[in-house]
Amino acid sequence: MSKAEEDEEEEEEEEVKLTPESSSASSHGNTDTHNMEFLQWSCEDVAGWIESIGFPQYKRCFSENCVTGRKLIFVDCAHMPRLGITDFKDMQGIAARVRELLGITEVLWSRSIADPPRDIQGLFLEMKSRTGVKTDELTTEQLVEDIRH
């Protein structure tokens with residue numbers, strides 16, 4: 001393997017690591033619990049991640065509101081003004097990065113309540129936002145099995 005190939009492989013490995021410092025953290029479509037490290041992030045970890053993705057001016061908003069990794073699941077444009085974030089472009093940028101981190105797509109405003117339930121990824125993350133032993137042990141496979149019964 002050439003040096004360039006080794007460097008490229010190392011870069012790819014770094015991109016999939018989920019750490020608060022990683023600005024390109026993403027778990028697109030992968031709900032394995034080992035790729036959900038952000039669920040364990042503290043308020044300071046989330047604030048550090050917000051700073052690392054290019055929004056250092058909002059670090060304090062996230063830390064003062066104690067937004068942990070589990071609470072980050074619910075951060076969207078509807079909730080950001082309550083955190084003190086009112087610039088619409090910044091709200092869109094942060095929401096996009098949160099969705100990228102969570103591996104989910106944007107919820108359509110025109111979605112009818114008569115539509116089938118959301119995708120498994122969204123339901124899984126909603127369940128993982130809670131705390132407790134059962135939640136910590138929950139896997140995607142268990143969720144799918146519960147839905148089928």
# chains A, B, ... in the order shown; residues from 1 in each chain; ligands from 1

call {"tool": "closest_atom_pairs", "arguments": {"of": "stretch 46-97 of chain A", "to": "stretch 117-136 of chain A", "cutoff": "9 Å", "atoms": "only C-alpha atoms", "output": "tab-separated table"}}
result
residue	atom	partner	partner_atom	distance
A:Gly69	CA	A:Ser129	CA	8.2
A:Arg70	CA	A:Ser129	CA	4.6
A:Lys71	CA	A:Ser129	CA	6.4
A:Leu72	CA	A:Ser129	CA	8.5
A:Ile73	CA	A:Ser129	CA	6.7
A:Phe74	CA	A:Glu126	CA	8.4

call {"tool": "atom_distance", "arguments": {"atom1": "atom CA of A:Glu141", "atom2": "atom CA of A:Thr105"}}
result
20.6 Å

call {"tool": "closest_residue", "arguments": {"among": "A:Cys66, A:Leu143, A:Cys61, A:Val75", "to": "A:Leu101", "atoms": "only C-alpha atoms"}}
result
A:Val75

call {"tool": "atom_distance", "arguments": {"atom1": "atom CA of A:Cys43", "atom2": "atom CA of A:Thr68"}}
result
4.6 Å

call {"tool": "closest_residue", "arguments": {"among": "A:Ile85, A:Cys77, A:Leu138, A:Met36", "to": "A:Phe62", "atoms": "only C-alpha atoms"}}
result
A:Ile85

call {"tool": "atom_distance", "arguments": {"atom1": "atom CA of A:Ile104", "atom2": "atom CA of A:Thr139"}}
result
16.9 Å

call {"tool": "residues_around", "arguments": {"residues": "A:Leu83", "least_positions_apart": "3", "cutoff": "9 Å", "atoms": "only C-alpha atoms", "output": "NGL selection string"}}
result
:A and (58 or 61-62 or 64-65 or 79-80 or 86)

call {"tool": "write_last_selection", "arguments": {"atoms": "all heavy atoms", "output": "compact mmCIF listing (two decimals), in the first residue's frame"}}
result
# COMPACT_ATOMS: atom_id res chain seq x y z
N TYR A 58 -22.04 30.38 20.09
CA TYR A 58 -23.17 29.72 20.75
C TYR A 58 -22.75 28.66 21.77
O TYR A 58 -23.59 27.99 22.34
CB TYR A 58 -24.09 29.10 19.70
CG TYR A 58 -24.64 30.12 18.74
CD1 TYR A 58 -24.40 30.02 17.38
CD2 TYR A 58 -25.38 31.21 19.20
CE1 TYR A 58 -24.90 30.96 16.49
CE2 TYR A 58 -25.86 32.16 18.31
CZ TYR A 58 -25.62 32.03 16.96
OH TYR A 58 -26.11 32.97 16.10
N CYS A 61 -24.48 29.25 24.97
CA CYS A 61 -25.92 28.93 24.92
C CYS A 61 -26.16 27.45 25.23
O CYS A 61 -27.08 27.10 25.97
CB CYS A 61 -26.49 29.24 23.54
SG CYS A 61 -26.48 30.99 23.10
N PHE A 62 -25.32 26.59 24.67
CA PHE A 62 -25.50 25.16 24.88
C PHE A 62 -25.06 24.73 26.28
O PHE A 62 -25.71 23.90 26.90
CB PHE A 62 -24.74 24.37 23.80
CG PHE A 62 -25.47 24.34 22.49
CD1 PHE A 62 -25.37 25.38 21.59
CD2 PHE A 62 -26.28 23.26 22.17
CE1 PHE A 62 -26.06 25.37 20.39
CE2 PHE A 62 -26.98 23.23 20.97
CZ PHE A 62 -26.87 24.29 20.08
N GLU A 64 -24.90 26.70 29.09
CA GLU A 64 -25.79 27.26 30.11
C GLU A 64 -27.14 26.56 30.15
O GLU A 64 -27.80 26.54 31.18
CB GLU A 64 -25.99 28.76 29.88
CG GLU A 64 -24.79 29.58 30.26
CD GLU A 64 -25.00 31.07 30.06
OE1 GLU A 64 -26.03 31.48 29.49
OE2 GLU A 64 -24.11 31.83 30.48
N ASN A 65 -27.57 26.01 29.03
CA ASN A 65 -28.84 25.29 28.96
C ASN A 65 -28.66 23.79 29.17
O ASN A 65 -29.62 23.03 29.00
CB ASN A 65 -29.54 25.57 27.63
CG ASN A 65 -30.11 26.96 27.58
OD1 ASN A 65 -31.11 27.25 28.23
ND2 ASN A 65 -29.46 27.85 26.85
N HIS A 79 -36.45 24.84 18.49
CA HIS A 79 -36.01 24.94 19.88
C HIS A 79 -34.85 25.91 20.10
O HIS A 79 -34.60 26.33 21.22
CB HIS A 79 -35.58 23.56 20.39
CG HIS A 79 -36.73 22.60 20.51
ND1 HIS A 79 -37.04 21.70 19.52
CD2 HIS A 79 -37.64 22.42 21.47
CE1 HIS A 79 -38.10 21.00 19.89
NE2 HIS A 79 -38.49 21.42 21.07
N MET A 80 -34.13 26.26 19.05
CA MET A 80 -32.94 27.09 19.22
C MET A 80 -33.21 28.48 19.79
O MET A 80 -32.39 28.96 20.58
CB MET A 80 -32.14 27.15 17.93
CG MET A 80 -31.34 25.89 17.72
SD MET A 80 -30.21 26.04 16.34
CE MET A 80 -30.72 24.62 15.41
N THR A 86 -30.87 33.06 17.67
CA THR A 86 -31.95 33.67 16.90
C THR A 86 -31.58 33.99 15.46
O THR A 86 -32.46 34.33 14.67
CB THR A 86 -32.44 34.96 17.59
OG1 THR A 86 -31.33 35.84 17.77
CG2 THR A 86 -33.07 34.63 18.94
